[in-house]
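Report on the structure given below.
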Amino acid sequence: MRQQAILSTYEQLAQRHANIGITVQAHLHRSVEDLKRVLVLPGKIRLVKGAFKEPQNLAFGRSAELNERYLQLAKLCVEAGHDCAIATHDQEIIDELQKREYLKLPQVELELLYGVRPELAQSMRKAGVPVRLYLPYGKEWYLYLCHRLAEYPPNVHKAIADMLDPVRTTRLGYEG
């Protein structure tokens, strides 16, 4: 199984390199156990909901149950004092993380896709939350990008406006 191979490889590498990280997908049924395995290792844990559709026997669909699972995984990371990146644009989850004061902790950062919700990145930075912006790459980058756009349709309009007026990106908080 692909996830098992990834975890085994990570375990081997993390024992030799402290500056390595792994992504844990909250939507997979196995994620709680996977997270417990990697919490004892060095390196950053990146929490995501999960971008790709998996069979129901392997994963949750988009739901309140998935959001609760995501928050459960964040809690496990925080309680362990482990470095983690909260990779989500979901305002409901971000609001709950702020309520729990997780985003104030020194080992926690917010990770956002470049170009998606720039006002969120700017407001979080102003609130003192470390924000990391990332770009998708790899064989399925287009599918990933389409998924992110479908998740928050106003981003399509923002992307078109940014292409027509590139100066907008500096006004929206992407500078330094």
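Going by the structure tokens order, chains are called A, B, ..., each with residues numbered from 1, while ligands are numbered from 1 in the order shown.
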
Can you tell me, as a short mmCIF file (atom, residue, chain, number, x, y, z; two decimals) with N, CA, C and O atoms, in the first residue's frame, what residues are no more than 9 Å from region 1-18 of chain A when counting only C-alpha atoms, ignoring any on the same chain fewer than 4 positions away?
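Saved result, out-v5.cif, follows:
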data_model
loop_
_atom_site.label_atom_id
_atom_site.label_comp_id
_atom_site.auth_asym_id
_atom_site.auth_seq_id
_atom_site.Cartn_x
_atom_site.Cartn_y
_atom_site.Cartn_z
N ILE A 22 6.56 15.49 6.73
CA ILE A 22 5.60 14.57 6.10
C ILE A 22 4.22 15.20 6.13
O ILE A 22 3.91 15.98 7.02
N ASP A 34 -1.48 6.70 11.74
CA ASP A 34 -0.29 7.18 11.03
C ASP A 34 0.34 8.36 11.77
O ASP A 34 1.56 8.43 11.93
N ARG A 37 2.33 7.39 14.74
CA ARG A 37 3.64 6.84 14.35
C ARG A 37 4.67 7.93 14.11
O ARG A 37 5.83 7.77 14.48
N VAL A 38 4.26 9.03 13.48
CA VAL A 38 5.24 10.05 13.12
C VAL A 38 5.44 11.10 14.22
O VAL A 38 6.43 11.83 14.19
N LEU A 41 8.82 11.10 15.90
CA LEU A 41 9.97 11.39 15.05
C LEU A 41 10.18 12.89 14.91
O LEU A 41 9.24 13.67 15.07
N PRO A 42 11.42 13.31 14.59
CA PRO A 42 11.64 14.73 14.33
C PRO A 42 11.01 15.13 12.99
O PRO A 42 10.58 14.27 12.22
N GLY A 43 10.99 16.40 12.73
CA GLY A 43 10.49 16.90 11.46
C GLY A 43 9.10 17.50 11.59
O GLY A 43 8.40 17.28 12.57
N LYS A 44 8.74 18.27 10.60
CA LYS A 44 7.45 18.95 10.60
C LYS A 44 6.36 18.05 10.03
O LYS A 44 6.57 17.34 9.06
#

List the neighbours of region 87-98 of chain A out to 10 Å using only C-alpha atoms; skip same-chain residues closer than 3 positions along the sequence, and give me the result as a compact mmCIF listing (two decimals) with N, CA, C and O atoms, in the first residue's frame.
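selection03.txt was written with the following content:
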# COMPACT_ATOMS: atom_id res chain seq x y z
N THR A 23 3.43 14.87 5.14
CA THR A 23 2.05 15.33 5.08
C THR A 23 1.13 14.21 5.52
O THR A 23 1.26 13.07 5.07
N ARG A 46 2.72 18.19 8.29
CA ARG A 46 1.82 19.06 7.55
C ARG A 46 0.46 18.38 7.51
O ARG A 46 0.33 17.27 7.00
N LEU A 47 -0.56 19.05 8.05
CA LEU A 47 -1.91 18.50 8.07
C LEU A 47 -2.72 19.06 6.92
O LEU A 47 -2.82 20.27 6.76
N VAL A 48 -3.30 18.18 6.14
CA VAL A 48 -4.20 18.56 5.05
C VAL A 48 -5.48 17.75 5.17
O VAL A 48 -5.48 16.69 5.80
N LYS A 49 -6.54 18.24 4.56
CA LYS A 49 -7.76 17.43 4.53
C LYS A 49 -7.58 16.24 3.61
O LYS A 49 -8.00 15.13 3.91
N GLY A 50 -6.96 16.47 2.47
CA GLY A 50 -6.77 15.44 1.45
C GLY A 50 -7.38 15.94 0.17
O GLY A 50 -8.58 16.21 0.12
N ASN A 67 -14.00 17.52 9.10
CA ASN A 67 -13.49 18.69 9.84
C ASN A 67 -13.13 18.32 11.27
O ASN A 67 -12.11 18.77 11.80
N GLU A 68 -13.96 17.49 11.91
CA GLU A 68 -13.66 17.05 13.27
C GLU A 68 -12.38 16.22 13.30
O GLU A 68 -11.57 16.35 14.22
N TYR A 70 -9.87 16.52 11.24
CA TYR A 70 -8.76 17.46 11.04
C TYR A 70 -8.40 18.12 12.37
O TYR A 70 -7.22 18.20 12.74
N LEU A 71 -9.41 18.58 13.10
CA LEU A 71 -9.17 19.22 14.40
C LEU A 71 -8.58 18.24 15.41
O LEU A 71 -7.73 18.61 16.23
N ALA A 74 -4.92 17.99 14.58
CA ALA A 74 -4.22 19.20 15.03
C ALA A 74 -4.01 19.16 16.53
O ALA A 74 -2.93 19.51 17.03
N LYS A 75 -5.01 18.72 17.26
CA LYS A 75 -4.90 18.62 18.72
C LYS A 75 -3.79 17.66 19.12
O LYS A 75 -3.00 17.94 20.03
N CYS A 84 4.17 21.70 13.44
CA CYS A 84 3.17 21.33 12.45
C CYS A 84 2.75 22.53 11.62
O CYS A 84 2.79 23.67 12.07
N GLU A 101 -6.63 28.62 20.37
CA GLU A 101 -5.33 29.30 20.50
C GLU A 101 -4.16 28.48 19.98
O GLU A 101 -3.02 28.70 20.35
N TYR A 102 -4.41 27.54 19.08
CA TYR A 102 -3.35 26.75 18.49
C TYR A 102 -2.44 27.59 17.61
O TYR A 102 -1.24 27.33 17.53
N LEU A 103 -3.01 28.57 16.91
CA LEU A 103 -2.23 29.36 15.97
C LEU A 103 -1.30 30.36 16.67
O LEU A 103 -0.50 31.02 16.02
N LYS A 104 -1.39 30.45 17.99
CA LYS A 104 -0.49 31.30 18.76
C LYS A 104 0.75 30.55 19.23
O LYS A 104 1.68 31.14 19.76
N GLU A 109 2.31 26.70 12.34
CA GLU A 109 2.22 27.71 11.28
C GLU A 109 1.03 27.38 10.39
O GLU A 109 0.56 26.24 10.35
N LEU A 110 0.54 28.41 9.71
CA LEU A 110 -0.56 28.25 8.76
C LEU A 110 0.05 28.19 7.36
O LEU A 110 0.93 28.97 7.04
N GLU A 111 -0.42 27.25 6.56
CA GLU A 111 0.10 27.10 5.21
C GLU A 111 -1.05 27.30 4.23
O GLU A 111 -2.10 26.67 4.36
N LEU A 112 -0.84 28.19 3.27
CA LEU A 112 -1.87 28.55 2.30
C LEU A 112 -1.32 28.45 0.89
O LEU A 112 -0.14 28.75 0.65
N LEU A 113 -2.16 28.08 -0.03
CA LEU A 113 -1.79 28.04 -1.44
C LEU A 113 -1.67 29.47 -1.96
O LEU A 113 -2.58 30.29 -1.78
N VAL A 116 -4.62 31.87 -3.28
CA VAL A 116 -5.93 31.52 -2.73
C VAL A 116 -6.09 32.24 -1.40
O VAL A 116 -5.28 32.07 -0.49
N ARG A 117 -7.07 33.08 -1.31
CA ARG A 117 -7.40 33.84 -0.10
C ARG A 117 -6.23 34.70 0.40
O ARG A 117 -5.80 34.59 1.54
N LEU A 120 -6.65 36.43 3.67
CA LEU A 120 -6.47 35.59 4.85
C LEU A 120 -4.99 35.55 5.24
O LEU A 120 -4.65 35.71 6.41
N ALA A 121 -4.12 35.36 4.26
CA ALA A 121 -2.68 35.34 4.53
C ALA A 121 -2.25 36.66 5.17
O ALA A 121 -1.52 36.67 6.18
N VAL A 129 0.57 35.34 13.18
CA VAL A 129 0.61 33.91 12.87
C VAL A 129 1.63 33.69 11.74
O VAL A 129 1.56 34.35 10.71
N VAL A 131 2.89 32.42 8.48
CA VAL A 131 2.18 31.95 7.29
C VAL A 131 3.20 31.55 6.24
O VAL A 131 4.12 32.31 5.94
N ARG A 132 3.02 30.37 5.70
CA ARG A 132 3.86 29.89 4.60
C ARG A 132 2.96 29.75 3.38
O ARG A 132 1.88 29.17 3.45
N LEU A 133 3.40 30.30 2.24
CA LEU A 133 2.67 30.17 0.99
C LEU A 133 3.35 29.10 0.15
O LEU A 133 4.57 29.01 0.12
N TYR A 134 2.56 28.28 -0.53
CA TYR A 134 3.15 27.23 -1.34
C TYR A 134 2.52 27.19 -2.72
O TYR A 134 1.43 27.72 -2.95
N ARG A 148 -8.79 23.22 -5.62
CA ARG A 148 -8.74 24.39 -4.74
C ARG A 148 -9.66 25.51 -5.26
O ARG A 148 -10.33 26.18 -4.49
N GLU A 151 -13.23 24.61 -4.56
CA GLU A 151 -13.52 24.71 -3.14
C GLU A 151 -13.96 26.12 -2.75
O GLU A 151 -14.73 26.30 -1.81
N TYR A 152 -13.46 27.12 -3.47
CA TYR A 152 -13.77 28.52 -3.16
C TYR A 152 -13.86 29.28 -4.49
O TYR A 152 -12.90 29.91 -4.92

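Using only C-alpha atoms for every distance, the candidate list A:Asn57, A:Leu66, A:Gln72, A:Gly115 yields A:Gly115 as the residue closest to Pro154 (chain A).
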
Can you check which residues of region 20-66 of chain A DSSP gives as strand (DSSP E or B) on the backbone and send them as a list in words?
->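 Put together, the selection reads Gly21, Ile22, Thr23, Val24, Gln25, Leu28, Lys44, Ile45, Arg46, Leu47, Val48 and Ala59 of chain A.
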
Export all heavy atoms of the chosen residues as an mmCIF file, in the first residue's frame?
data_model
loop_
_atom_site.group_PDB
_atom_site.id
_atom_site.type_symbol
_atom_site.label_atom_id
_atom_site.label_comp_id
_atom_site.auth_asym_id
_atom_site.auth_seq_id
_atom_site.Cartn_x
_atom_site.Cartn_y
_atom_site.Cartn_z
ATOM 1 N N GLY A 21 10.054 16.484 6.626
ATOM 2 C CA GLY A 21 8.657 16.584 7.034
ATOM 3 C C GLY A 21 7.786 15.606 6.274
ATOM 4 O O GLY A 21 8.217 14.985 5.301
ATOM 5 N N ILE A 22 6.561 15.488 6.735
ATOM 6 C CA ILE A 22 5.604 14.573 6.104
ATOM 7 C C ILE A 22 4.216 15.205 6.127
ATOM 8 O O ILE A 22 3.906 15.983 7.025
ATOM 9 C CB ILE A 22 5.588 13.192 6.815
ATOM 10 C CG1 ILE A 22 4.796 12.171 5.982
ATOM 11 C CG2 ILE A 22 5.083 13.314 8.242
ATOM 12 C CD1 ILE A 22 5.055 10.732 6.400
ATOM 13 N N THR A 23 3.426 14.873 5.141
ATOM 14 C CA THR A 23 2.046 15.334 5.076
ATOM 15 C C THR A 23 1.127 14.207 5.524
ATOM 16 O O THR A 23 1.263 13.069 5.074
ATOM 17 C CB THR A 23 1.680 15.761 3.640
ATOM 18 O OG1 THR A 23 2.524 16.854 3.266
ATOM 19 C CG2 THR A 23 0.233 16.181 3.532
ATOM 20 N N VAL A 24 0.199 14.550 6.414
ATOM 21 C CA VAL A 24 -0.812 13.599 6.873
ATOM 22 C C VAL A 24 -2.162 14.086 6.367
ATOM 23 O O VAL A 24 -2.544 15.236 6.600
ATOM 24 C CB VAL A 24 -0.811 13.478 8.420
ATOM 25 C CG1 VAL A 24 -1.947 12.597 8.898
ATOM 26 C CG2 VAL A 24 0.537 12.946 8.908
ATOM 27 N N GLN A 25 -2.865 13.202 5.665
ATOM 28 C CA GLN A 25 -4.163 13.538 5.092
ATOM 29 C C GLN A 25 -5.271 13.143 6.063
ATOM 30 O O GLN A 25 -5.468 11.960 6.328
ATOM 31 C CB GLN A 25 -4.359 12.797 3.776
ATOM 32 C CG GLN A 25 -3.318 13.132 2.727
ATOM 33 C CD GLN A 25 -3.565 12.338 1.471
ATOM 34 O OE1 GLN A 25 -4.552 12.580 0.776
ATOM 35 N NE2 GLN A 25 -2.691 11.390 1.189
ATOM 36 N N LEU A 28 -8.121 10.255 5.334
ATOM 37 C CA LEU A 28 -7.883 8.815 5.350
ATOM 38 C C LEU A 28 -8.268 8.231 6.705
ATOM 39 O O LEU A 28 -7.921 8.778 7.745
ATOM 40 C CB LEU A 28 -6.417 8.508 5.052
ATOM 41 C CG LEU A 28 -5.924 8.934 3.664
ATOM 42 C CD1 LEU A 28 -4.433 8.685 3.540
ATOM 43 C CD2 LEU A 28 -6.693 8.215 2.567
ATOM 44 N N LYS A 44 8.735 18.267 10.596
ATOM 45 C CA LYS A 44 7.446 18.954 10.600
ATOM 46 C C LYS A 44 6.359 18.054 10.030
ATOM 47 O O LYS A 44 6.570 17.337 9.057
ATOM 48 C CB LYS A 44 7.518 20.235 9.776
ATOM 49 C CG LYS A 44 6.235 21.063 9.840
ATOM 50 C CD LYS A 44 6.394 22.370 9.116
ATOM 51 C CE LYS A 44 7.318 23.237 9.920
ATOM 52 N NZ LYS A 44 7.526 24.559 9.373
ATOM 53 N N ILE A 45 5.193 18.135 10.647
ATOM 54 C CA ILE A 45 4.021 17.418 10.155
ATOM 55 C C ILE A 45 3.088 18.441 9.524
ATOM 56 O O ILE A 45 2.731 19.442 10.137
ATOM 57 C CB ILE A 45 3.307 16.673 11.298
ATOM 58 C CG1 ILE A 45 4.232 15.596 11.875
ATOM 59 C CG2 ILE A 45 1.994 16.061 10.797
ATOM 60 C CD1 ILE A 45 3.726 14.959 13.151
ATOM 61 N N ARG A 46 2.724 18.185 8.290
ATOM 62 C CA ARG A 46 1.818 19.060 7.546
ATOM 63 C C ARG A 46 0.461 18.381 7.505
ATOM 64 O O ARG A 46 0.332 17.273 6.997
ATOM 65 C CB ARG A 46 2.373 19.267 6.141
ATOM 66 C CG ARG A 46 1.533 20.119 5.245
ATOM 67 C CD ARG A 46 2.280 20.302 3.912
ATOM 68 N NE ARG A 46 1.512 21.108 3.016
ATOM 69 C CZ ARG A 46 0.806 20.628 1.986
ATOM 70 N NH1 ARG A 46 0.803 19.335 1.727
ATOM 71 N NH2 ARG A 46 0.118 21.431 1.221
ATOM 72 N N LEU A 47 -0.556 19.050 8.053
ATOM 73 C CA LEU A 47 -1.907 18.497 8.068
ATOM 74 C C LEU A 47 -2.718 19.064 6.920
ATOM 75 O O LEU A 47 -2.820 20.272 6.759
ATOM 76 C CB LEU A 47 -2.610 18.830 9.385
ATOM 77 C CG LEU A 47 -2.009 18.256 10.655
ATOM 78 C CD1 LEU A 47 -2.820 18.719 11.866
ATOM 79 C CD2 LEU A 47 -1.952 16.749 10.601
ATOM 80 N N VAL A 48 -3.304 18.178 6.140
ATOM 81 C CA VAL A 48 -4.200 18.565 5.050
ATOM 82 C C VAL A 48 -5.477 17.745 5.173
ATOM 83 O O VAL A 48 -5.485 16.690 5.797
ATOM 84 C CB VAL A 48 -3.555 18.343 3.654
ATOM 85 C CG1 VAL A 48 -2.292 19.155 3.488
ATOM 86 C CG2 VAL A 48 -3.294 16.873 3.401
ATOM 87 N N ALA A 59 -11.465 6.435 3.042
ATOM 88 C CA ALA A 59 -11.455 7.850 3.406
ATOM 89 C C ALA A 59 -12.855 8.414 3.628
ATOM 90 O O ALA A 59 -13.838 7.910 3.098
ATOM 91 C CB ALA A 59 -10.762 8.650 2.301
#

Which polymer residues have any atom within 9 Å of an atom of Phe60 (chain A), counting only C-alpha atoms, with same-chain residues fewer than 4 positions away left out, as a ChimeraX atom specification?
-> /A:26-29,54-56,65-66

Which of region 7-166 of chain A counts as alpha helix (DSSP H) under DSSP, as an NGL selection string please?
-> :A and (7-14 or 31-38 or 64-80 or 91-99 or 118-126 or 141-151 or 154-164)

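Each of A:Pro106, A:Ile20, A:Lys99, A:Leu35 was compared to Leu76 (chain A) using only C-alpha atoms, and A:Leu35 turns out to be the nearest.
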
Kindly give the distance, in Å, that separates CA of Ile86 (chain A) and CA of Ala64 (chain A), rounded to a single decimal.
->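 Separating CA of Ile86 (chain A) from CA of Ala64 (chain A) is a distance of 17.5 Å.
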
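Rounded to one decimal, CA of Gln122 (chain A) and CA of Ala161 (chain A) lie 18.2 Å from each other.
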